[in-house]
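Chemist: Just one file: coords37.cif, with mmCIF, C-alpha atoms and all ligand atoms.
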data_upload
#
loop_
_atom_site.label_atom_id
_atom_site.label_comp_id
_atom_site.auth_asym_id
_atom_site.auth_seq_id
_atom_site.Cartn_x
_atom_site.Cartn_y
_atom_site.Cartn_z
CA MET N 784 10.42 19.71 -22.65
CA ASP N 785 7.15 17.90 -21.94
CA GLN N 786 6.54 16.82 -18.35
CA VAL N 787 7.35 13.47 -16.87
CA VAL N 788 4.03 12.19 -15.59
CA VAL N 789 4.21 10.00 -12.51
CA ILE N 790 0.96 8.12 -11.93
CA GLY N 791 0.60 6.86 -8.36
CA ALA N 792 1.71 8.78 -5.26
CA GLY N 793 2.50 5.81 -3.05
CA MET N 794 6.01 5.34 -1.70
CA ALA N 795 7.44 4.35 -5.11
CA GLY N 796 5.87 7.17 -7.14
CA VAL N 797 6.85 9.86 -4.64
CA SER N 798 10.37 8.47 -4.34
CA CYS N 799 10.71 8.54 -8.14
CA ALA N 800 9.20 12.02 -8.51
CA ARG N 801 11.65 13.39 -5.90
CA VAL N 802 14.65 12.29 -7.94
CA LEU N 803 13.19 13.71 -11.14
CA ARG N 804 12.42 17.02 -9.43
CA ALA N 805 15.93 17.17 -7.90
CA ALA N 806 17.36 16.64 -11.39
CA GLY N 807 15.48 19.73 -12.55
CA LEU N 808 12.99 17.88 -14.73
CA PRO N 809 9.36 19.02 -14.96
CA VAL N 810 7.22 16.50 -13.04
CA ARG N 811 3.47 16.02 -12.72
CA LEU N 812 2.44 13.70 -9.88
CA LEU N 813 -1.06 12.22 -10.16
CA ASP N 814 -3.06 10.02 -7.82
CA ARG N 815 -6.70 9.12 -7.84
CA ALA N 816 -6.77 9.57 -4.05
CA GLY N 817 -5.53 13.16 -4.37
CA ARG N 818 -2.88 12.68 -1.71
CA PRO N 819 0.27 10.67 -1.14
CA GLY N 820 0.37 7.36 0.72
CA GLY N 821 -1.11 4.53 -1.35
CA ARG N 822 -0.95 1.30 0.61
CA MET N 823 0.84 3.08 3.46
CA ALA N 824 -2.65 4.14 4.37
CA SER N 825 -3.93 5.73 7.55
CA ALA N 826 -7.66 6.29 8.07
CA GLU N 827 -9.44 8.28 10.75
CA HIS N 828 -11.60 6.28 13.14
CA ALA N 829 -13.15 7.66 16.31
CA GLY N 830 -11.12 10.86 15.94
CA ARG N 831 -7.75 9.11 15.63
CA MET N 832 -5.62 7.88 12.71
CA VAL N 833 -5.29 4.10 12.32
CA ASP N 834 -2.78 2.37 10.03
CA ILE N 835 -4.99 0.18 7.85
CA GLY N 836 -2.46 -0.82 5.16
CA ALA N 837 1.24 -1.50 5.72
CA SER N 838 1.80 -2.43 9.37
CA TYR N 839 5.37 -1.23 9.74
CA PHE N 840 8.57 -1.02 7.74
CA THR N 841 12.08 -2.35 8.09
CA VAL N 842 15.36 -0.80 7.00
CA SER N 843 18.35 -2.55 5.44
CA ASP N 844 19.64 -0.29 2.66
CA ASP N 845 21.79 2.77 3.47
CA ARG N 846 19.83 5.00 1.09
CA PHE N 847 16.58 4.26 2.90
CA ALA N 848 18.33 4.38 6.29
CA GLU N 849 19.32 7.99 5.59
CA VAL N 850 15.70 8.97 4.95
CA VAL N 851 14.48 7.08 8.02
CA GLY N 852 17.19 8.68 10.16
CA ASP N 853 15.94 12.08 9.10
CA TRP N 854 12.33 11.11 9.92
CA ARG N 855 13.45 9.92 13.33
CA ARG N 856 15.38 13.12 14.09
CA ARG N 857 12.30 15.13 13.20
CA GLY N 858 10.03 12.93 15.32
CA LEU N 859 8.10 11.45 12.39
CA ALA N 860 9.22 7.81 12.44
CA ARG N 861 9.65 5.76 15.59
CA PRO N 862 11.39 2.46 16.26
CA TRP N 863 8.56 0.14 17.34
CA THR N 864 9.70 -3.38 18.18
CA ASP N 865 11.85 -6.30 17.06
CA THR N 866 9.68 -8.98 18.68
CA PHE N 867 6.23 -10.26 17.82
CA ASP N 868 4.11 -12.98 19.40
CA VAL N 869 3.20 -16.07 17.42
CA PHE N 870 -0.15 -17.81 17.79
CA SER N 871 -0.04 -21.28 16.37
CA ASP N 872 -2.39 -24.28 16.51
CA GLY N 873 -4.72 -22.69 19.01
CA ALA N 874 -2.08 -21.47 21.47
CA LEU N 875 0.35 -18.63 22.04
CA SER N 876 3.48 -20.57 21.26
CA ARG N 877 6.53 -18.38 21.15
CA HIS N 878 8.02 -15.01 20.38
CA SER N 879 9.60 -14.21 17.07
CA THR N 880 12.52 -11.80 17.09
CA GLY N 881 13.59 -10.19 13.84
CA PRO N 882 14.71 -6.86 12.44
CA LEU N 883 13.66 -3.62 14.09
CA ARG N 884 10.20 -2.63 12.89
CA TRP N 885 9.48 1.07 12.41
CA ALA N 886 6.19 2.91 12.72
CA ALA N 887 5.00 6.53 12.68
CA GLY N 888 3.28 8.37 15.52
CA THR N 889 1.03 10.22 13.11
CA GLY N 890 0.41 7.22 10.83
CA LEU N 891 2.56 5.74 8.08
CA ARG N 892 0.87 7.82 5.41
CA THR N 893 2.40 10.99 6.81
CA LEU N 894 5.88 9.70 5.95
CA VAL N 895 5.03 9.60 2.24
CA GLN N 896 3.38 12.99 2.60
CA ASP N 897 6.62 14.27 4.15
CA LEU N 898 8.69 12.95 1.25
CA ALA N 899 6.44 14.83 -1.17
CA ASP N 900 6.34 18.02 0.91
CA THR N 901 10.10 18.24 1.44
CA ALA N 902 10.64 17.96 -2.32
CA GLY N 903 8.01 20.60 -3.06
CA LEU N 904 5.79 18.07 -4.83
CA SER N 905 2.04 18.38 -4.80
CA VAL N 906 -0.33 15.61 -5.82
CA GLU N 907 -2.97 16.30 -8.42
CA ARG N 908 -6.16 14.30 -7.88
CA LEU N 909 -6.82 12.39 -11.08
CA ALA N 910 -7.91 8.82 -11.72
CA VAL N 911 -6.03 8.25 -14.96
CA GLN N 912 -8.14 6.33 -17.46
CA ALA N 913 -5.72 6.01 -20.36
CA VAL N 914 -2.06 6.33 -21.26
CA ASP N 915 -1.76 6.39 -25.02
CA SER N 916 0.96 6.40 -27.62
CA VAL N 917 -0.06 8.54 -30.59
CA PRO N 918 1.93 8.24 -33.83
CA GLY N 919 3.75 11.51 -34.54
CA THR N 920 2.89 12.96 -31.11
CA GLY N 921 4.20 10.46 -28.58
CA LEU N 922 2.88 9.62 -25.15
CA MET N 923 -0.36 11.23 -24.02
CA VAL N 924 -1.89 11.23 -20.53
CA ALA N 925 -5.27 12.81 -19.88
CA GLY N 926 -5.05 14.74 -23.13
CA GLU N 927 -1.56 16.14 -22.52
CA PRO N 928 1.77 15.10 -24.03
CA ALA N 929 4.36 13.48 -21.75
CA ALA N 930 8.11 13.02 -22.15
CA ALA N 931 7.81 9.84 -20.09
CA VAL N 932 5.13 8.12 -18.04
CA VAL N 933 5.85 6.34 -14.76
CA LEU N 934 3.33 3.75 -13.60
CA ALA N 935 3.92 3.44 -9.85
CA MET N 936 1.23 1.00 -8.77
CA PRO N 937 0.37 -2.72 -8.76
CA ASP N 938 0.61 -4.39 -12.17
CA ALA N 939 -3.11 -4.91 -12.74
CA GLN N 940 -3.84 -1.24 -12.04
CA ALA N 941 -1.00 -0.17 -14.36
CA ARG N 942 -2.11 -2.53 -17.13
CA ALA N 943 -5.63 -1.16 -16.93
CA VAL N 944 -4.58 2.36 -17.95
CA LEU N 945 -2.38 1.42 -20.92
CA SER N 946 -3.99 1.70 -24.34
CA PRO N 947 -3.83 -1.32 -26.71
CA ALA N 948 -1.14 0.58 -28.66
CA LEU N 949 1.22 -0.12 -25.74
CA ALA N 950 0.93 -3.89 -26.06
CA ARG N 951 4.55 -4.67 -25.17
CA GLU N 952 4.32 -2.72 -21.94
CA ARG N 953 0.99 -4.35 -21.04
CA ALA N 954 2.52 -7.77 -21.56
CA GLY N 955 5.32 -6.90 -19.12
CA LEU N 956 2.86 -6.06 -16.34
CA TYR N 957 1.91 -9.58 -15.41
CA ALA N 958 2.66 -9.85 -11.65
CA ARG N 959 -0.19 -11.21 -9.56
CA PHE N 960 -1.03 -9.37 -6.36
CA GLU N 961 -2.90 -11.00 -3.49
CA PRO N 962 -5.82 -9.43 -1.63
CA VAL N 963 -6.13 -8.79 2.11
CA LEU N 964 -9.08 -7.68 4.24
CA ALA N 965 -8.05 -5.38 7.09
CA LEU N 966 -10.33 -5.06 10.09
CA SER N 967 -9.79 -2.14 12.49
CA ALA N 968 -11.55 -2.21 15.85
CA GLY N 969 -11.52 0.06 18.89
CA TRP N 970 -12.50 -0.69 22.49
CA PRO N 971 -13.26 1.73 25.33
CA GLU N 972 -10.21 0.34 27.14
CA ARG N 973 -7.52 -2.33 26.62
CA ALA N 974 -9.13 -5.75 26.94
CA TRP N 975 -6.12 -7.89 25.98
CA GLN N 976 -2.69 -8.76 27.35
CA PRO N 977 0.18 -6.38 26.40
CA LEU N 978 0.96 -6.84 22.74
CA ASP N 979 2.88 -5.27 19.87
CA GLY N 980 1.99 -7.57 17.02
CA MET N 981 1.10 -11.21 16.55
CA PHE N 982 1.55 -13.59 13.62
CA VAL N 983 -1.35 -16.06 13.51
CA HIS N 984 -0.53 -19.42 11.98
CA GLY N 985 -2.96 -22.17 11.08
CA ASP N 986 -6.10 -20.01 11.04
CA GLN N 987 -8.00 -19.98 7.79
CA ARG N 988 -9.13 -16.36 8.22
CA LEU N 989 -6.62 -14.44 10.29
CA SER N 990 -2.90 -13.97 9.58
CA TRP N 991 -1.73 -10.96 11.61
CA ILE N 992 -2.80 -8.67 14.45
CA ALA N 993 -1.22 -5.30 15.30
CA ASP N 994 -1.83 -3.23 18.40
CA ASP N 995 -2.19 0.18 16.79
CA GLY N 996 -1.83 2.00 20.12
CA SER N 997 1.50 0.30 20.78
CA ARG N 998 2.63 0.89 17.22
CA ARG N 999 1.68 4.54 17.15
CA GLY N 1000 2.87 5.15 20.70
CA ASP N 1001 -0.31 6.70 22.12
CA GLY N 1002 -1.59 3.52 23.80
CA ALA N 1003 -5.05 3.78 22.22
CA PRO N 1004 -7.06 0.53 22.61
CA VAL N 1005 -7.20 -0.18 18.87
CA LEU N 1006 -6.35 -3.39 17.01
CA VAL N 1007 -5.90 -4.03 13.29
CA ALA N 1008 -6.32 -7.60 12.03
CA HIS N 1009 -5.31 -8.76 8.54
CA SER N 1010 -6.94 -11.71 6.83
CA THR N 1011 -5.08 -14.44 4.99
CA PRO N 1012 -4.91 -13.72 1.23
CA SER N 1013 -6.77 -16.95 0.39
CA TRP N 1014 -9.70 -16.16 2.68
CA ALA N 1015 -9.84 -12.57 1.34
CA ALA N 1016 -9.90 -13.95 -2.21
CA GLU N 1017 -12.79 -16.26 -1.30
CA GLN N 1018 -14.81 -13.33 0.05
CA LEU N 1019 -13.99 -11.06 -2.90
CA ASP N 1020 -14.41 -13.66 -5.63
CA ARG N 1021 -18.00 -14.37 -4.73
CA PRO N 1022 -20.32 -12.93 -7.33
CA ASP N 1023 -22.05 -10.88 -4.64
CA ALA N 1024 -18.82 -9.28 -3.35
CA ALA N 1025 -18.12 -6.21 -5.45
CA GLY N 1026 -14.52 -5.19 -6.07
CA PRO N 1027 -13.60 -1.74 -7.29
CA ASP N 1028 -13.74 -3.03 -10.87
CA THR N 1029 -17.14 -4.64 -10.61
CA ALA N 1030 -19.04 -2.22 -8.39
CA ASP N 1031 -20.24 -0.05 -11.27
CA ARG N 1032 -21.62 -3.00 -13.20
CA LEU N 1033 -23.71 -4.32 -10.35
CA GLY N 1034 -27.38 -3.66 -9.88
CA ALA N 1035 -28.79 -2.37 -6.59
CA ALA N 1036 -29.66 -5.86 -5.31
CA ASP N 1037 -26.13 -7.15 -6.00
CA ARG N 1038 -24.57 -4.14 -4.33
CA LEU N 1039 -26.66 -4.83 -1.25
CA GLY N 1040 -25.47 -8.43 -1.37
CA ALA N 1041 -21.85 -7.26 -1.57
CA ALA N 1042 -22.29 -5.00 1.45
CA ASP N 1043 -23.91 -7.86 3.40
CA ARG N 1044 -21.12 -10.19 2.42
CA LEU N 1045 -18.41 -7.78 3.59
CA ASP N 1046 -20.31 -7.16 6.83
CA ALA N 1047 -20.32 -10.91 7.39
CA ALA N 1048 -16.58 -11.09 6.62
CA ALA N 1049 -15.93 -8.31 9.15
CA GLY N 1050 -17.94 -10.24 11.74
CA GLU N 1051 -15.97 -13.42 11.10
CA LEU N 1052 -12.62 -11.64 11.34
CA LEU N 1053 -13.70 -9.97 14.56
CA ARG N 1054 -14.74 -13.32 16.05
CA ALA N 1055 -11.37 -14.83 15.13
CA LEU N 1056 -9.51 -11.83 16.58
CA ARG N 1057 -11.43 -11.95 19.87
CA GLN N 1058 -10.90 -15.69 20.12
CA VAL N 1059 -7.13 -15.46 19.62
CA LEU N 1060 -6.66 -12.58 22.08
CA ARG N 1061 -9.39 -13.83 24.47
CA ILE N 1062 -11.29 -10.56 24.40
CA ASP N 1063 -14.67 -10.82 26.17
CA SER N 1064 -16.12 -7.44 25.31
CA GLU N 1065 -17.56 -6.03 22.08
CA PRO N 1066 -15.58 -3.24 20.40
CA SER N 1067 -17.14 0.21 20.33
CA TRP N 1068 -16.45 0.52 16.60
CA THR N 1069 -15.15 -1.59 13.68
CA SER N 1070 -14.23 -0.87 10.09
CA LEU N 1071 -13.26 -3.18 7.23
CA HIS N 1072 -10.92 -2.15 4.43
CA ARG N 1073 -10.62 -4.22 1.27
CA TRP N 1074 -7.16 -4.36 -0.34
CA SER N 1075 -7.70 -6.01 -3.73
CA TYR N 1076 -3.98 -5.71 -4.55
CA ALA N 1077 -2.27 -5.86 -1.17
CA LYS N 1078 1.01 -7.60 -1.91
CA PRO N 1079 2.74 -9.22 -4.89
CA ALA N 1080 2.45 -13.01 -4.79
CA ALA N 1081 6.13 -13.29 -5.79
CA GLY N 1082 9.16 -11.05 -6.17
CA ARG N 1083 10.89 -9.98 -9.38
CA PRO N 1084 14.64 -9.87 -9.92
CA VAL N 1085 14.64 -6.36 -11.45
CA GLY N 1086 14.06 -3.10 -9.61
CA PHE N 1087 12.01 -1.28 -12.28
CA GLN N 1088 11.20 -1.33 -15.97
CA LEU N 1089 11.89 1.39 -18.53
CA TRP N 1090 10.63 0.55 -22.00
CA PRO N 1091 11.92 2.20 -25.23
CA SER N 1092 8.54 3.97 -25.47
CA MET N 1093 9.52 5.91 -22.28
CA VAL N 1094 6.73 4.21 -20.37
CA ALA N 1095 8.19 2.96 -17.10
CA ALA N 1096 7.03 0.98 -14.08
CA CYS N 1097 8.17 0.89 -10.47
CA GLY N 1098 6.77 -0.13 -7.09
CA ASP N 1099 6.96 -3.03 -4.67
CA GLY N 1100 6.11 -5.41 -7.51
CA TRP N 1101 9.60 -4.69 -8.86
CA ALA N 1102 11.64 -6.19 -6.06
CA GLN N 1103 12.82 -9.52 -4.75
CA ARG N 1104 11.23 -8.83 -1.35
CA PRO N 1105 8.17 -6.62 -1.81
CA ARG N 1106 7.72 -4.10 0.98
CA VAL N 1107 7.85 -0.40 1.82
CA GLU N 1108 11.64 -0.16 1.58
CA ALA N 1109 11.59 -1.96 -1.78
CA ALA N 1110 9.00 0.48 -3.13
CA PHE N 1111 11.19 3.41 -2.05
CA LEU N 1112 14.28 1.91 -3.71
CA SER N 1113 12.41 0.96 -6.87
CA GLY N 1114 11.20 4.56 -7.29
CA LEU N 1115 14.65 5.90 -6.52
CA SER N 1116 16.37 3.67 -9.08
CA LEU N 1117 13.83 4.39 -11.79
CA GLY N 1118 14.04 8.16 -11.11
CA THR N 1119 17.82 8.02 -11.43
CA ALA N 1120 17.67 6.05 -14.69
CA LEU N 1121 14.99 8.31 -16.17
CA ALA N 1122 16.83 11.49 -15.20
CA ALA N 1123 20.00 10.18 -16.88
CA ARG N 1124 18.03 9.33 -20.03
CA LEU N 1125 16.15 12.63 -20.25
CA ARG N 1126 18.92 15.04 -19.36
C1 LIG J 1201 -2.62 -4.92 4.23
C2 LIG J 1201 -1.19 -4.61 3.87
C3 LIG J 1201 -0.17 -4.89 4.77
C4 LIG J 1201 1.16 -4.59 4.46
N1 LIG J 1201 2.13 -4.79 5.39
C5 LIG J 1201 3.39 -4.35 5.14
C6 LIG J 1201 4.39 -4.38 6.16
O1 LIG J 1201 4.10 -4.74 7.31
N2 LIG J 1201 5.65 -3.97 5.85
C7 LIG J 1201 5.98 -3.52 4.60
O2 LIG J 1201 7.14 -3.14 4.37
N3 LIG J 1201 5.05 -3.46 3.62
C8 LIG J 1201 3.76 -3.85 3.86
N4 LIG J 1201 2.80 -3.76 2.89
C9 LIG J 1201 3.22 -3.40 1.53
C10 LIG J 1201 3.48 -1.89 1.36
O3 LIG J 1201 2.36 -1.18 1.76
C11 LIG J 1201 3.81 -1.66 -0.12
O4 LIG J 1201 4.95 -2.42 -0.45
C12 LIG J 1201 4.10 -0.21 -0.50
O5 LIG J 1201 3.31 0.71 0.21
C13 LIG J 1201 3.88 -0.12 -2.00
O6 LIG J 1201 4.03 1.21 -2.47
P1 LIG J 1201 3.84 1.50 -4.02
O7 LIG J 1201 4.15 2.94 -4.20
O8 LIG J 1201 4.58 0.51 -4.81
O9 LIG J 1201 2.29 1.23 -4.35
P2 LIG J 1201 0.97 1.87 -3.73
O10 LIG J 1201 1.20 2.29 -2.33
O11 LIG J 1201 -0.12 0.90 -3.99
O12 LIG J 1201 0.72 3.19 -4.61
C14 LIG J 1201 0.02 3.14 -5.82
C15 LIG J 1201 -0.80 4.43 -5.97
O13 LIG J 1201 -1.32 4.47 -7.29
C16 LIG J 1201 -2.60 5.06 -7.24
N5 LIG J 1201 -3.33 4.67 -8.44
C17 LIG J 1201 -3.66 3.41 -8.85
N6 LIG J 1201 -4.30 3.47 -10.03
C18 LIG J 1201 -4.39 4.79 -10.38
C19 LIG J 1201 -4.93 5.49 -11.51
N7 LIG J 1201 -5.55 4.87 -12.54
N8 LIG J 1201 -4.82 6.85 -11.55
C20 LIG J 1201 -4.19 7.52 -10.52
N9 LIG J 1201 -3.67 6.90 -9.43
C21 LIG J 1201 -3.76 5.55 -9.38
C22 LIG J 1201 -3.20 4.55 -5.94
O14 LIG J 1201 -4.23 5.42 -5.47
C23 LIG J 1201 -1.97 4.51 -5.01
O15 LIG J 1201 -1.88 5.69 -4.23
C24 LIG J 1201 1.47 -4.03 3.19
C25 LIG J 1201 0.44 -3.73 2.30
C26 LIG J 1201 -0.88 -3.99 2.64
C27 LIG J 1201 -1.98 -3.60 1.69
#
Would you mind giving the structure from this file in structure tokens?
Modeler:
Amino acid sequence: MDQVVVIGAGMAGVSCARVLRAAGLPVRLLDRAGRPGGRMASAEHAGRMVDIGASYFTVSDDRFAEVVGDWRRRGLARPWTDTFDVFSDGALSRHSTGPLRWAAGTGLRTLVQDLADTAGLSVERLAVQAVDSVPGTGLMVAGEPAAAVVLAMPDAQARAVLSPALARERAGLYARFEPVLALSAGWPERAWQPLDGMFVHGDQRLSWIADDGSRRGDGAPVLVAHSTPSWAAEQLDRPDAAGPDTADRLGAADRLGAADRLDAAAGELLRALRQVLRIDSEPSWTSLHRWSYAKPAAGRPVGFQLWPSMVAACGDGWAQRPRVEAAFLSGLSLGTALAARLR
């Protein structure tokens, strides 16, 4: 039997590939980054990992709780906090208590890596350009036939790889994802009051601040600030701000303009962050990450899509409440449905 090709090794793709592998089906797991994680991204800054994508995750479903329990027993996941500060209308107004938020001492990415490793899955580095349907042959990915193709990524990225022959599938991938700019910054020592995380309301630029040292449990003086989606869109929509899709088409002068623009955005976010937390000193380093497709603008009532062509889609875009847990469950449900169909 031809392989099932899973494109995207974020939480959803790895979750799906695990089920397929456990069912004894041949699986090929591809990601352009060459490693698992996706938006559960951790990047190294000043010799330490920083969570620059998802801030934390919550647990409500028993199937995810089982996985998280195992991570906890093995020291990979850690309960972080159930209470965040809220900054509203220029003042620290109140605390917000909610569900327990989980983090990972070694960075959230390592949890997805663990899911892949414990299932014996390796990720092949490939930026897939085209998924095609060839009459008489069937589905083709990167020149090889596939029994089924799983698109485990935001809709726009999935749509971009489907050939015009897969028009019905392209039409089904319509969800809009919002952008976020994530600024990481490190100080020589803590220059702010004790903090886990803070929702920022009423600021045009800033929506959320996480203390990465508190989250990761090592106390490092590192903060990560997320922009509002609307402000990120303003920065990215400017003709001089290159996104991943436009960078190649820009000339040298435009690329320079894009870099300047993002530098300016980083400076503005840093100013807002320092203002909110009343930090007097300059950080020793900063880094800006651009998430063009950070989060779905709205949820969907179905957990995945499996078309008659055997092209399928899963991910946080296929959930009522898009988040890490939803991506896991979407991949799990699609894997189960695909395994039943292919067996
Ligand atoms: C800034 C930010 C903050 C967030 N905060 C939270 C939070 O606090 N709590 C929470 O629960 N969730 C949060 N999320 C959402 C959470 O990260 C996602 O719900 C989850 O990680 C989605 O997983 P996924 O597998 O669906 O997609 P992704 O993680 O996006 O995985 C898609 C993968 O597909 C790959 N890919 C794309 N195109 C191609 C191609 N052509 N060829 C090969 N590979 C390709 C990508 O490299 C990527 O690895 C946040 C996300 C962001 C960006």
Chemist: For segment 925-939 of chain N, find every residue with an atom within 9 Å (counting all atoms listed in the file), except residues of its own chain fewer than 2 positions away, and show them as a ChimeraX atom specification.
Modeler: /N:784-797,799,821,909,911-915,920-923,941-943,953,955-960,1076-1079,1089,1092-1100,1110,1114,1117,1121,1125
Chemist: Closest to Ala1003 of chain N among N:Pro947, N:Pro1084, N:Gly881, N:Gly830, using all atoms listed in the file?
Modeler: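 Comparing N:Pro947, N:Pro1084, N:Gly881, N:Gly830 against Ala1003 of chain N, the winner is N:Gly830.
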Chemist: Could you give me, as a PyMOL selection string, the residues that sit within 12 Å of (-9.2, -15.6, 1.3) in the file's coordinates, counting all atoms listed in the file?
Modeler: chain N and resi 961-965+986-990+1009-1021+1048+1052+1073-1075
Chemist: Do you have the atom C5 of ligand LIG 1201 (chain J)-atom CA of Arg973 of chain N distance handy?
Modeler: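 If I compute the distance from atom C5 of ligand LIG 1201 (chain J) to atom CA of Arg973 of chain N, I get 24.2 Å.
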Chemist: Residues at most 12 Å from Arg892 of chain N, counting only C-alpha atoms, excluding those fewer than 2 positions away in the same chain, as a PyMOL selection string?
Modeler: chain N and resi 792-794+797+818-827+832-840+859-860+886-890+894-899+1107
Chemist: Using all atoms listed in the file, find the one residue out of N:Ile1062, N:Ala910, N:Ala800, N:Val1007 that sits nearest to ligand LIG 1201 (chain J).
Modeler: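 Among N:Ile1062, N:Ala910, N:Ala800, N:Val1007, it is N:Ala910 that comes nearest to ligand LIG 1201 (chain J).
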Chemist: So, with all atoms listed in the file as the atoms that count, which of N:Leu812, N:Leu978, N:Ala1122, N:Ala1047 lies closest to ligand LIG 1201 (chain J)?
Modeler: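 Checking each of N:Leu812, N:Leu978, N:Ala1122, N:Ala1047 against ligand LIG 1201 (chain J), counting all atoms listed in the file, the winner is N:Leu812.
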Chemist: How many Å separate atom CA of Leu1060 of chain N from atom O1 of ligand LIG 1201 (chain J)?
Modeler: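 Atom-to-atom, atom CA of Leu1060 of chain N to atom O1 of ligand LIG 1201 (chain J), that is 19.9 Å.
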Chemist: Using atom CA of Ala950 of chain N and atom CA of Gly919 of chain N as the two end points, give the distance in Å to one decimal.
Modeler: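 Between these atoms lies a distance of 17.8 Å.
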Chemist: From the options N:Ala1042, N:Ala1055, N:Leu1115, N:Leu891, which residue's atoms come nearest to Leu966 of chain N, counting only C-alpha atoms?
Modeler: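 Looking at the shortest contact to Leu966 of chain N, the residue is N:Ala1055.
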Chemist: Which one of N:Val906, N:Ala829, N:Ala805, N:Ala954 sits closest to ligand LIG 1201 (chain J) if you count only C-alpha atoms and all ligand atoms?
Modeler: N:Val906
